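The block underneath contains the structure these notes are about, expressed in structure tokens.
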Amino acid sequence: MDFTVQNYKDTRSGFGEGLLEAAKRNPKVVGLCADLIGSLKMDAFAKEFPERFFQVGIAEANMIGIAAGLSIGGMVPFTGTFANFSTARVFDQIRQVVSYSNKNVKICASHAGLTLGEDGATHQTLEDIGMMKMLPNMTVIVPCDFNQTKAATIAVAEHDGPVYLRFGRPKVANFTPADEPFVIGKAQMMQEGTDVTIFACGHMVWKAVQALPILKEMGINVELINIHTIKPLDVEAVIASAKKTGCVVTAEEHQLNGGLFDSISQVLSRNCPTPMEAVAVFDQYGQSGTPDELLKHYHLDTEDIVEAAKRAIARKNK
């Protein structure tokens, strides 16, 4: 894949553009927001389709209930708020009225992970992927850049069933092709290699891309795979790559427990036990700081991926 950066854009804007496009294609798409229209970039949708937009205020649990009801009426509701409020605050409602009865509700969560930055630990959700993937019937998607978030949003509108779509606030490298279709549940091969596999999701995909030339200089041939769909996981792709390279690194902006590492390790432990290293948050809450400062502090940066790859290869060669 060509890793040329087209521009730097926030993934939440990809969601906003994708939602607008999905609504143009499907008149049953509706939007609900918990008093964060600008933050979720839902303003263009609200302006274009005011009769299909519902401002529910700071009442997230009510928003989930309304969305479930709209889905019963044949609509395709997209709910929008921060990731912390999209999951932890309304987990009971999601479990009881969306997941349990397999409602066609799209739970769209911005400002996820440490890169929310200065808002601090109370808003930096690092547990949401685990919470959502444990729910039966729930699809969990974590795209890597603006283009992929837009494409994922459009694909989510066409998918039948509950979805958790996770994205973020900061402007990040936009490097995937704008015209590349998004296939739910299909891992994206970004570079083939033979020495170590890096599985990454979300903002950490670009960090992994930046690690490639550094590792190449060390004579390490990396296979990089973007796991944009955490659930359903592309099990075949995970097993095939692990068998080929013999060691694995996972990179995610999430707690080690319950996230991408957890999903990959479950598959490999049952099918082909493989040396693994993780770049993730190790059982800590976040804190206030700039996104870059926080990624460095919690060891979620490019150099941390490089070191994890070296450790994984050393374990493989023992």
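Letters A, B, ... mark the chains of the structure tokens in the order given; residue numbers begin at 1 per chain; ligand numbers begin at 1, in order shown.
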
message: Among region 98-247 of chain A, which residues does DSSP mark as alpha helix (DSSP H) when it is run on the backbone? Keep the chain and numbering as in the structure and answer as a PyMOL selection string.
response: chain A and resi 128-133+146-158+204-217+235-245

- request: Compile the contact shell of region 47-62 of chain A as a count of residues only: residues with an atom at most 8 Å away, counting only C-alpha atoms, same-chain residues fewer than 6 positions apart removed.
  value: 13

field: strand (DSSP E or B) call set, DSSP backbone run, region 19-69 of chain A, as a VMD selection string
entry: chain A and resid 29 to 33 53 to 55

Deliver the residues from the most recent selection as a file, using all heavy atoms, as a JSON list (two decimals), in the first residue's frame.
```json
[["chain", "number", "residue", "atom", "x", "y", "z"],
["A", 29, "VAL", "N", -32.13, 6.34, 7.20],
["A", 29, "VAL", "CA", -31.07, 6.72, 8.14],
["A", 29, "VAL", "C", -31.49, 7.94, 8.93],
["A", 29, "VAL", "O", -31.90, 8.96, 8.35],
["A", 29, "VAL", "CB", -29.75, 6.99, 7.39],
["A", 29, "VAL", "CG1", -28.73, 7.66, 8.32],
["A", 29, "VAL", "CG2", -29.17, 5.69, 6.84],
["A", 30, "VAL", "N", -31.43, 7.85, 10.26],
["A", 30, "VAL", "CA", -31.75, 8.98, 11.14],
["A", 30, "VAL", "C", -30.59, 9.19, 12.11],
["A", 30, "VAL", "O", -29.83, 8.26, 12.39],
["A", 30, "VAL", "CB", -33.06, 8.76, 11.91],
["A", 30, "VAL", "CG1", -34.24, 8.68, 10.96],
["A", 30, "VAL", "CG2", -32.99, 7.49, 12.76],
["A", 31, "GLY", "N", -30.47, 10.38, 12.62],
["A", 31, "GLY", "CA", -29.40, 10.71, 13.56],
["A", 31, "GLY", "C", -29.93, 11.19, 14.88],
["A", 31, "GLY", "O", -30.92, 11.94, 14.93],
["A", 32, "LEU", "N", -29.28, 10.76, 15.97],
["A", 32, "LEU", "CA", -29.62, 11.24, 17.31],
["A", 32, "LEU", "C", -28.33, 11.69, 17.98],
["A", 32, "LEU", "O", -27.29, 11.02, 17.85],
["A", 32, "LEU", "CB", -30.26, 10.13, 18.16],
["A", 32, "LEU", "CG", -31.53, 9.46, 17.65],
["A", 32, "LEU", "CD1", -31.22, 8.27, 16.77],
["A", 32, "LEU", "CD2", -32.38, 9.00, 18.84],
["A", 33, "CYS", "N", -28.38, 12.80, 18.70],
["A", 33, "CYS", "CA", -27.18, 13.30, 19.35],
["A", 33, "CYS", "C", -27.49, 13.78, 20.76],
["A", 33, "CYS", "O", -28.56, 14.34, 21.02],
["A", 33, "CYS", "CB", -26.57, 14.44, 18.53],
["A", 33, "CYS", "SG", -24.92, 14.94, 19.09],
["A", 53, "PHE", "N", -33.37, 14.26, 12.16],
["A", 53, "PHE", "CA", -32.38, 14.46, 13.22],
["A", 53, "PHE", "C", -33.08, 14.76, 14.54],
["A", 53, "PHE", "O", -34.03, 15.55, 14.59],
["A", 53, "PHE", "CB", -31.43, 15.61, 12.88],
["A", 53, "PHE", "CG", -30.41, 15.87, 13.95],
["A", 53, "PHE", "CD1", -29.32, 15.03, 14.12],
["A", 53, "PHE", "CD2", -30.58, 16.93, 14.83],
["A", 53, "PHE", "CE1", -28.41, 15.26, 15.13],
["A", 53, "PHE", "CE2", -29.66, 17.16, 15.85],
["A", 53, "PHE", "CZ", -28.57, 16.31, 15.99],
["A", 54, "PHE", "N", -32.57, 14.14, 15.63],
["A", 54, "PHE", "CA", -33.19, 14.29, 16.95],
["A", 54, "PHE", "C", -32.14, 14.70, 17.97],
["A", 54, "PHE", "O", -31.20, 13.94, 18.24],
["A", 54, "PHE", "CB", -33.85, 12.98, 17.39],
["A", 54, "PHE", "CG", -34.87, 12.47, 16.41],
["A", 54, "PHE", "CD1", -34.49, 11.59, 15.40],
["A", 54, "PHE", "CD2", -36.18, 12.90, 16.46],
["A", 54, "PHE", "CE1", -35.41, 11.13, 14.48],
["A", 54, "PHE", "CE2", -37.11, 12.44, 15.54],
["A", 54, "PHE", "CZ", -36.73, 11.55, 14.55],
["A", 55, "GLN", "N", -32.27, 15.90, 18.50],
["A", 55, "GLN", "CA", -31.38, 16.37, 19.57],
["A", 55, "GLN", "C", -32.02, 15.98, 20.90],
["A", 55, "GLN", "O", -33.03, 16.55, 21.30],
["A", 55, "GLN", "CB", -31.22, 17.89, 19.46],
["A", 55, "GLN", "CG", -30.48, 18.53, 20.61],
["A", 55, "GLN", "CD", -29.07, 18.00, 20.79],
["A", 55, "GLN", "OE1", -28.86, 16.96, 21.43],
["A", 55, "GLN", "NE2", -28.10, 18.70, 20.21]]
```

message: I'd like the neighbourhood of Gly14 (chain A) as a ChimeraX atom specification, where a residue qualifies if any of its atoms comes within 8 Å (using only C-alpha atoms), though same-chain residues fewer than 5 positions away should be ignored.
response: /A:145-150

How about saving the chosen residues, N, CA and C atoms kept, as a PDB file, in the first residue's frame?
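Printed below is result.pdb as written:
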```
ATOM      1  N   ASP A 145      -8.289   6.163   9.891  1.00  0.00           N
ATOM      2  CA  ASP A 145      -8.106   7.549   9.454  1.00  0.00           C
ATOM      3  C   ASP A 145      -9.426   8.115   8.934  1.00  0.00           C
ATOM      4  N   PHE A 146      -9.375   9.332   8.429  1.00  0.00           N
ATOM      5  CA  PHE A 146     -10.574  10.019   7.942  1.00  0.00           C
ATOM      6  C   PHE A 146     -11.269   9.221   6.853  1.00  0.00           C
ATOM      7  N   ASN A 147     -10.518   8.858   5.804  1.00  0.00           N
ATOM      8  CA  ASN A 147     -11.118   8.157   4.678  1.00  0.00           C
ATOM      9  C   ASN A 147     -11.767   6.847   5.105  1.00  0.00           C
ATOM     10  N   GLN A 148     -11.073   6.096   5.955  1.00  0.00           N
ATOM     11  CA  GLN A 148     -11.611   4.808   6.362  1.00  0.00           C
ATOM     12  C   GLN A 148     -12.818   4.962   7.285  1.00  0.00           C
ATOM     13  N   THR A 149     -12.826   5.997   8.110  1.00  0.00           N
ATOM     14  CA  THR A 149     -13.984   6.240   8.971  1.00  0.00           C
ATOM     15  C   THR A 149     -15.209   6.604   8.142  1.00  0.00           C
ATOM     16  N   LYS A 150     -15.011   7.417   7.116  1.00  0.00           N
ATOM     17  CA  LYS A 150     -16.127   7.760   6.224  1.00  0.00           C
ATOM     18  C   LYS A 150     -16.667   6.505   5.548  1.00  0.00           C
TER      19      LYS A 150
END
```

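Among the candidates A:Met1, A:Met276, A:Gly80, A:Gly18, the residue lying nearest to Gln188 (chain A) is A:Met1 (atoms considered: only C-alpha atoms).
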
message: I'd like the contact shell of Lys231 (chain A) - 9 Å cut-off, only C-alpha atoms, skipping same-chain residues fewer than 6 positions apart - returned as a list in words.
response: Lys133, Met138, Thr139, Val140, Ile141, Ile184, Gly185 and Ser263 of chain A

May I have the residues from that selection written out with all heavy atoms, as a PDB file, in the first residue's frame?
```pdb
ATOM      1  N   LYS A 133     -17.452  -5.480  22.686  1.00  0.00           N
ATOM      2  CA  LYS A 133     -17.246  -6.748  21.976  1.00  0.00           C
ATOM      3  C   LYS A 133     -17.758  -7.940  22.781  1.00  0.00           C
ATOM      4  O   LYS A 133     -18.032  -9.002  22.213  1.00  0.00           O
ATOM      5  CB  LYS A 133     -15.770  -6.938  21.624  1.00  0.00           C
ATOM      6  CG  LYS A 133     -14.881  -7.411  22.753  1.00  0.00           C
ATOM      7  CD  LYS A 133     -13.475  -7.719  22.255  1.00  0.00           C
ATOM      8  CE  LYS A 133     -12.670  -8.389  23.348  1.00  0.00           C
ATOM      9  NZ  LYS A 133     -11.314  -8.736  22.907  1.00  0.00           N
ATOM     10  N   MET A 138     -23.170  -7.773  18.782  1.00  0.00           N
ATOM     11  CA  MET A 138     -22.572  -6.466  18.536  1.00  0.00           C
ATOM     12  C   MET A 138     -21.354  -6.566  17.612  1.00  0.00           C
ATOM     13  O   MET A 138     -20.446  -7.364  17.847  1.00  0.00           O
ATOM     14  CB  MET A 138     -22.147  -5.822  19.851  1.00  0.00           C
ATOM     15  CG  MET A 138     -21.624  -4.392  19.729  1.00  0.00           C
ATOM     16  SD  MET A 138     -22.889  -3.197  19.239  1.00  0.00           S
ATOM     17  CE  MET A 138     -23.907  -3.164  20.730  1.00  0.00           C
ATOM     18  N   THR A 139     -21.342  -5.751  16.577  1.00  0.00           N
ATOM     19  CA  THR A 139     -20.175  -5.583  15.710  1.00  0.00           C
ATOM     20  C   THR A 139     -19.377  -4.394  16.224  1.00  0.00           C
ATOM     21  O   THR A 139     -19.952  -3.376  16.610  1.00  0.00           O
ATOM     22  CB  THR A 139     -20.624  -5.353  14.251  1.00  0.00           C
ATOM     23  OG1 THR A 139     -21.235  -6.551  13.755  1.00  0.00           O
ATOM     24  CG2 THR A 139     -19.451  -4.978  13.358  1.00  0.00           C
ATOM     25  N   VAL A 140     -18.032  -4.521  16.237  1.00  0.00           N
ATOM     26  CA  VAL A 140     -17.166  -3.462  16.782  1.00  0.00           C
ATOM     27  C   VAL A 140     -16.145  -3.054  15.725  1.00  0.00           C
ATOM     28  O   VAL A 140     -15.356  -3.885  15.263  1.00  0.00           O
ATOM     29  CB  VAL A 140     -16.455  -3.939  18.060  1.00  0.00           C
ATOM     30  CG1 VAL A 140     -15.533  -2.834  18.593  1.00  0.00           C
ATOM     31  CG2 VAL A 140     -17.471  -4.353  19.120  1.00  0.00           C
ATOM     32  N   ILE A 141     -16.152  -1.766  15.362  1.00  0.00           N
ATOM     33  CA  ILE A 141     -15.313  -1.259  14.281  1.00  0.00           C
ATOM     34  C   ILE A 141     -14.482  -0.079  14.771  1.00  0.00           C
ATOM     35  O   ILE A 141     -15.003   0.841  15.406  1.00  0.00           O
ATOM     36  CB  ILE A 141     -16.184  -0.836  13.083  1.00  0.00           C
ATOM     37  CG1 ILE A 141     -16.929  -2.056  12.521  1.00  0.00           C
ATOM     38  CG2 ILE A 141     -15.342  -0.171  12.000  1.00  0.00           C
ATOM     39  CD1 ILE A 141     -17.938  -1.721  11.441  1.00  0.00           C
ATOM     40  N   ILE A 184     -16.741  -4.950   6.307  1.00  0.00           N
ATOM     41  CA  ILE A 184     -16.837  -5.305   7.719  1.00  0.00           C
ATOM     42  C   ILE A 184     -16.357  -6.737   7.926  1.00  0.00           C
ATOM     43  O   ILE A 184     -16.769  -7.646   7.203  1.00  0.00           O
ATOM     44  CB  ILE A 184     -18.285  -5.135   8.214  1.00  0.00           C
ATOM     45  CG1 ILE A 184     -18.696  -3.656   8.157  1.00  0.00           C
ATOM     46  CG2 ILE A 184     -18.442  -5.671   9.635  1.00  0.00           C
ATOM     47  CD1 ILE A 184     -20.157  -3.410   8.489  1.00  0.00           C
ATOM     48  N   GLY A 185     -15.466  -6.918   8.892  1.00  0.00           N
ATOM     49  CA  GLY A 185     -14.981  -8.249   9.226  1.00  0.00           C
ATOM     50  C   GLY A 185     -13.820  -8.744   8.390  1.00  0.00           C
ATOM     51  O   GLY A 185     -13.379  -9.882   8.565  1.00  0.00           O
ATOM     52  N   SER A 263      -8.348 -10.151  21.829  1.00  0.00           N
ATOM     53  CA  SER A 263      -8.991 -10.859  20.719  1.00  0.00           C
ATOM     54  C   SER A 263      -7.996 -11.716  19.945  1.00  0.00           C
ATOM     55  O   SER A 263      -8.277 -12.878  19.619  1.00  0.00           O
ATOM     56  CB  SER A 263      -9.655  -9.854  19.764  1.00  0.00           C
ATOM     57  OG  SER A 263     -10.741  -9.208  20.382  1.00  0.00           O
TER      58      SER A 263
END
```

Would you tabulate, counting only C-alpha atoms, all residues of region 9-119 of chain A that have an atom at most 7 Å from an atom of region 167-173 of chain A, showing the closest pair of atoms and their distance in Å to one decimal, sorted by chain then ascending number, as JSON lines?
```
{"residue": "A:Lys9", "atom": "CA", "partner": "A:Lys171", "partner_atom": "CA", "distance": 4.4}
{"residue": "A:Asp10", "atom": "CA", "partner": "A:Lys171", "partner_atom": "CA", "distance": 4.0}
{"residue": "A:Thr11", "atom": "CA", "partner": "A:Gly168", "partner_atom": "CA", "distance": 5.6}
{"residue": "A:Arg12", "atom": "CA", "partner": "A:Gly168", "partner_atom": "CA", "distance": 5.7}
{"residue": "A:Ala109", "atom": "CA", "partner": "A:Phe167", "partner_atom": "CA", "distance": 6.2}
{"residue": "A:Ser110", "atom": "CA", "partner": "A:Gly168", "partner_atom": "CA", "distance": 4.9}
{"residue": "A:His111", "atom": "CA", "partner": "A:Gly168", "partner_atom": "CA", "distance": 4.3}
{"residue": "A:Ala112", "atom": "CA", "partner": "A:Gly168", "partner_atom": "CA", "distance": 5.3}
{"residue": "A:Thr115", "atom": "CA", "partner": "A:Pro170", "partner_atom": "CA", "distance": 6.7}
{"residue": "A:Leu116", "atom": "CA", "partner": "A:Arg169", "partner_atom": "CA", "distance": 6.1}
```

Produce a file of the selected residues containing C-alpha atoms, as a CSV table (one decimal), in the first residue's frame.
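Done, and the output landed in again-v3.csv:
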```
chain,number,residue,atom,x,y,z
A,9,LYS,CA,-7.9,15.2,9.4
A,10,ASP,CA,-9.8,14.1,12.4
A,11,THR,CA,-11.7,10.8,12.1
A,12,ARG,CA,-14.8,12.3,13.7
A,109,ALA,CA,-18.5,7.1,19.6
A,110,SER,CA,-16.1,10.0,19.2
A,111,HIS,CA,-13.3,11.3,21.5
A,112,ALA,CA,-12.1,7.7,22.3
A,115,THR,CA,-5.9,11.2,22.3
A,116,LEU,CA,-8.9,13.0,23.7
```

Proximity to Val235 (chain A) - best of A:Val156, A:Leu260, A:Leu268, A:Met42, only C-alpha atoms: A:Leu268

task: Point out the residue among A:Pro143, A:Gly69, A:Gly74, A:Gly130 with the least atom-to-atom distance to Gly258 (chain A), counting only C-alpha atoms.
output: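 For Gly258 (chain A), the nearest of the candidates is A:Gly130.
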
- prompt: Between CA of Ala121 (chain A) and CA of Ile94 (chain A), what is the spacing in Å?
  reply: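 Between CA of Ile94 (chain A) and CA of Ala121 (chain A) the gap is 22.8 Å.
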
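Using only C-alpha atoms, the residues found no farther than 9 Å from Phe175 (chain A), other than those of its own chain fewer than 2 positions away, are Asp2, Phe3, Thr4, Val5, Gln6, Asn7, Tyr8, Asp145, Phe146, Asn147, Ala173, Pro177, Ala178 and Trp206 of chain A.
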
message: Set the distance at 6 Å and use only C-alpha atoms: which residues neighbour region 296-312 of chain A once local chain neighbours fewer than 3 positions away are removed? I'd like the list as a PyMOL selection string.
response: chain A and resi 207+211+247+276-277+279+293+315

Would you mind listing what lies within 7 Å of region 282-291 of chain A as a short mmCIF file (atom, residue, chain, number, x, y, z; two decimals) with all heavy atoms, in the first residue's frame, with only C-alpha atoms counted and same-chain residues fewer than 5 positions away left out?
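As written to disk, selection-v6.cif reads:
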```cif
data_model
loop_
_atom_site.label_atom_id
_atom_site.label_comp_id
_atom_site.auth_asym_id
_atom_site.auth_seq_id
_atom_site.Cartn_x
_atom_site.Cartn_y
_atom_site.Cartn_z
N LEU A 114 -6.86 7.80 24.73
CA LEU A 114 -6.02 8.83 25.34
C LEU A 114 -5.95 10.10 24.53
O LEU A 114 -5.74 11.19 25.08
CB LEU A 114 -4.60 8.29 25.54
CG LEU A 114 -4.41 7.17 26.57
CD1 LEU A 114 -3.01 6.57 26.42
CD2 LEU A 114 -4.62 7.70 27.98
N THR A 115 -6.10 9.99 23.21
CA THR A 115 -5.92 11.16 22.35
C THR A 115 -7.05 12.17 22.48
O THR A 115 -7.03 13.19 21.79
CB THR A 115 -5.75 10.74 20.88
OG1 THR A 115 -6.79 9.82 20.52
CG2 THR A 115 -4.40 10.08 20.66
N LEU A 116 -8.02 11.92 23.36
CA LEU A 116 -8.95 12.97 23.74
C LEU A 116 -8.18 14.11 24.40
O LEU A 116 -8.58 15.28 24.34
CB LEU A 116 -10.01 12.41 24.68
CG LEU A 116 -11.02 13.39 25.27
CD1 LEU A 116 -11.70 14.21 24.18
CD2 LEU A 116 -12.05 12.65 26.09
N GLY A 117 -7.04 13.76 25.03
CA GLY A 117 -6.10 14.78 25.50
C GLY A 117 -6.43 15.44 26.81
O GLY A 117 -6.59 14.78 27.84
N GLU A 118 -6.53 16.75 26.77
CA GLU A 118 -6.61 17.56 27.99
C GLU A 118 -7.87 17.34 28.82
O GLU A 118 -7.93 17.75 29.98
CB GLU A 118 -6.48 19.04 27.63
CG GLU A 118 -5.11 19.46 27.10
CD GLU A 118 -4.93 19.22 25.61
OE1 GLU A 118 -5.83 18.59 24.99
OE2 GLU A 118 -3.90 19.62 25.07
N ASP A 119 -8.88 16.69 28.27
CA ASP A 119 -10.10 16.45 29.03
C ASP A 119 -9.89 15.47 30.19
O ASP A 119 -10.69 15.42 31.12
CB ASP A 119 -11.22 15.93 28.12
CG ASP A 119 -11.80 17.02 27.24
OD1 ASP A 119 -11.21 18.12 27.20
OD2 ASP A 119 -12.82 16.78 26.59
N GLY A 120 -8.84 14.66 30.12
CA GLY A 120 -8.44 13.86 31.26
C GLY A 120 -9.13 12.51 31.41
O GLY A 120 -9.93 12.09 30.58
N ALA A 121 -8.81 11.87 32.54
CA ALA A 121 -9.17 10.47 32.75
C ALA A 121 -10.67 10.22 32.73
O ALA A 121 -11.12 9.15 32.29
CB ALA A 121 -8.58 9.99 34.08
N GLN A 124 -11.47 9.96 29.01
CA GLN A 124 -10.63 9.12 28.15
C GLN A 124 -11.00 7.65 28.36
O GLN A 124 -10.43 6.97 29.20
CB GLN A 124 -9.15 9.33 28.48
CG GLN A 124 -8.64 10.70 28.10
CD GLN A 124 -7.32 11.04 28.78
OE1 GLN A 124 -6.86 10.33 29.66
NE2 GLN A 124 -6.71 12.14 28.37
N GLN A 255 -7.07 -0.31 26.82
CA GLN A 255 -6.50 -1.19 27.83
C GLN A 255 -6.05 -2.51 27.20
O GLN A 255 -6.69 -3.01 26.27
CB GLN A 255 -7.55 -1.50 28.91
CG GLN A 255 -7.99 -0.32 29.74
CD GLN A 255 -6.98 0.12 30.78
OE1 GLN A 255 -5.87 -0.41 30.87
NE2 GLN A 255 -7.36 1.10 31.58
N LEU A 256 -4.98 -3.07 27.73
CA LEU A 256 -4.55 -4.40 27.31
C LEU A 256 -5.68 -5.41 27.50
O LEU A 256 -5.97 -6.23 26.63
CB LEU A 256 -3.32 -4.83 28.11
CG LEU A 256 -2.80 -6.25 27.83
CD1 LEU A 256 -2.08 -6.29 26.50
CD2 LEU A 256 -1.87 -6.70 28.95
#
```

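The residue that comes closest to Ala278 (chain A), out of A:Leu19, A:Val248, A:Val163, A:Ala237 and on the basis of only C-alpha atoms, is A:Val248.
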
query: Please, what distance in Å, to one decimal, runs between CA of Val76 (chain A) and CA of Phe91 (chain A)?
result: 20.0 Å
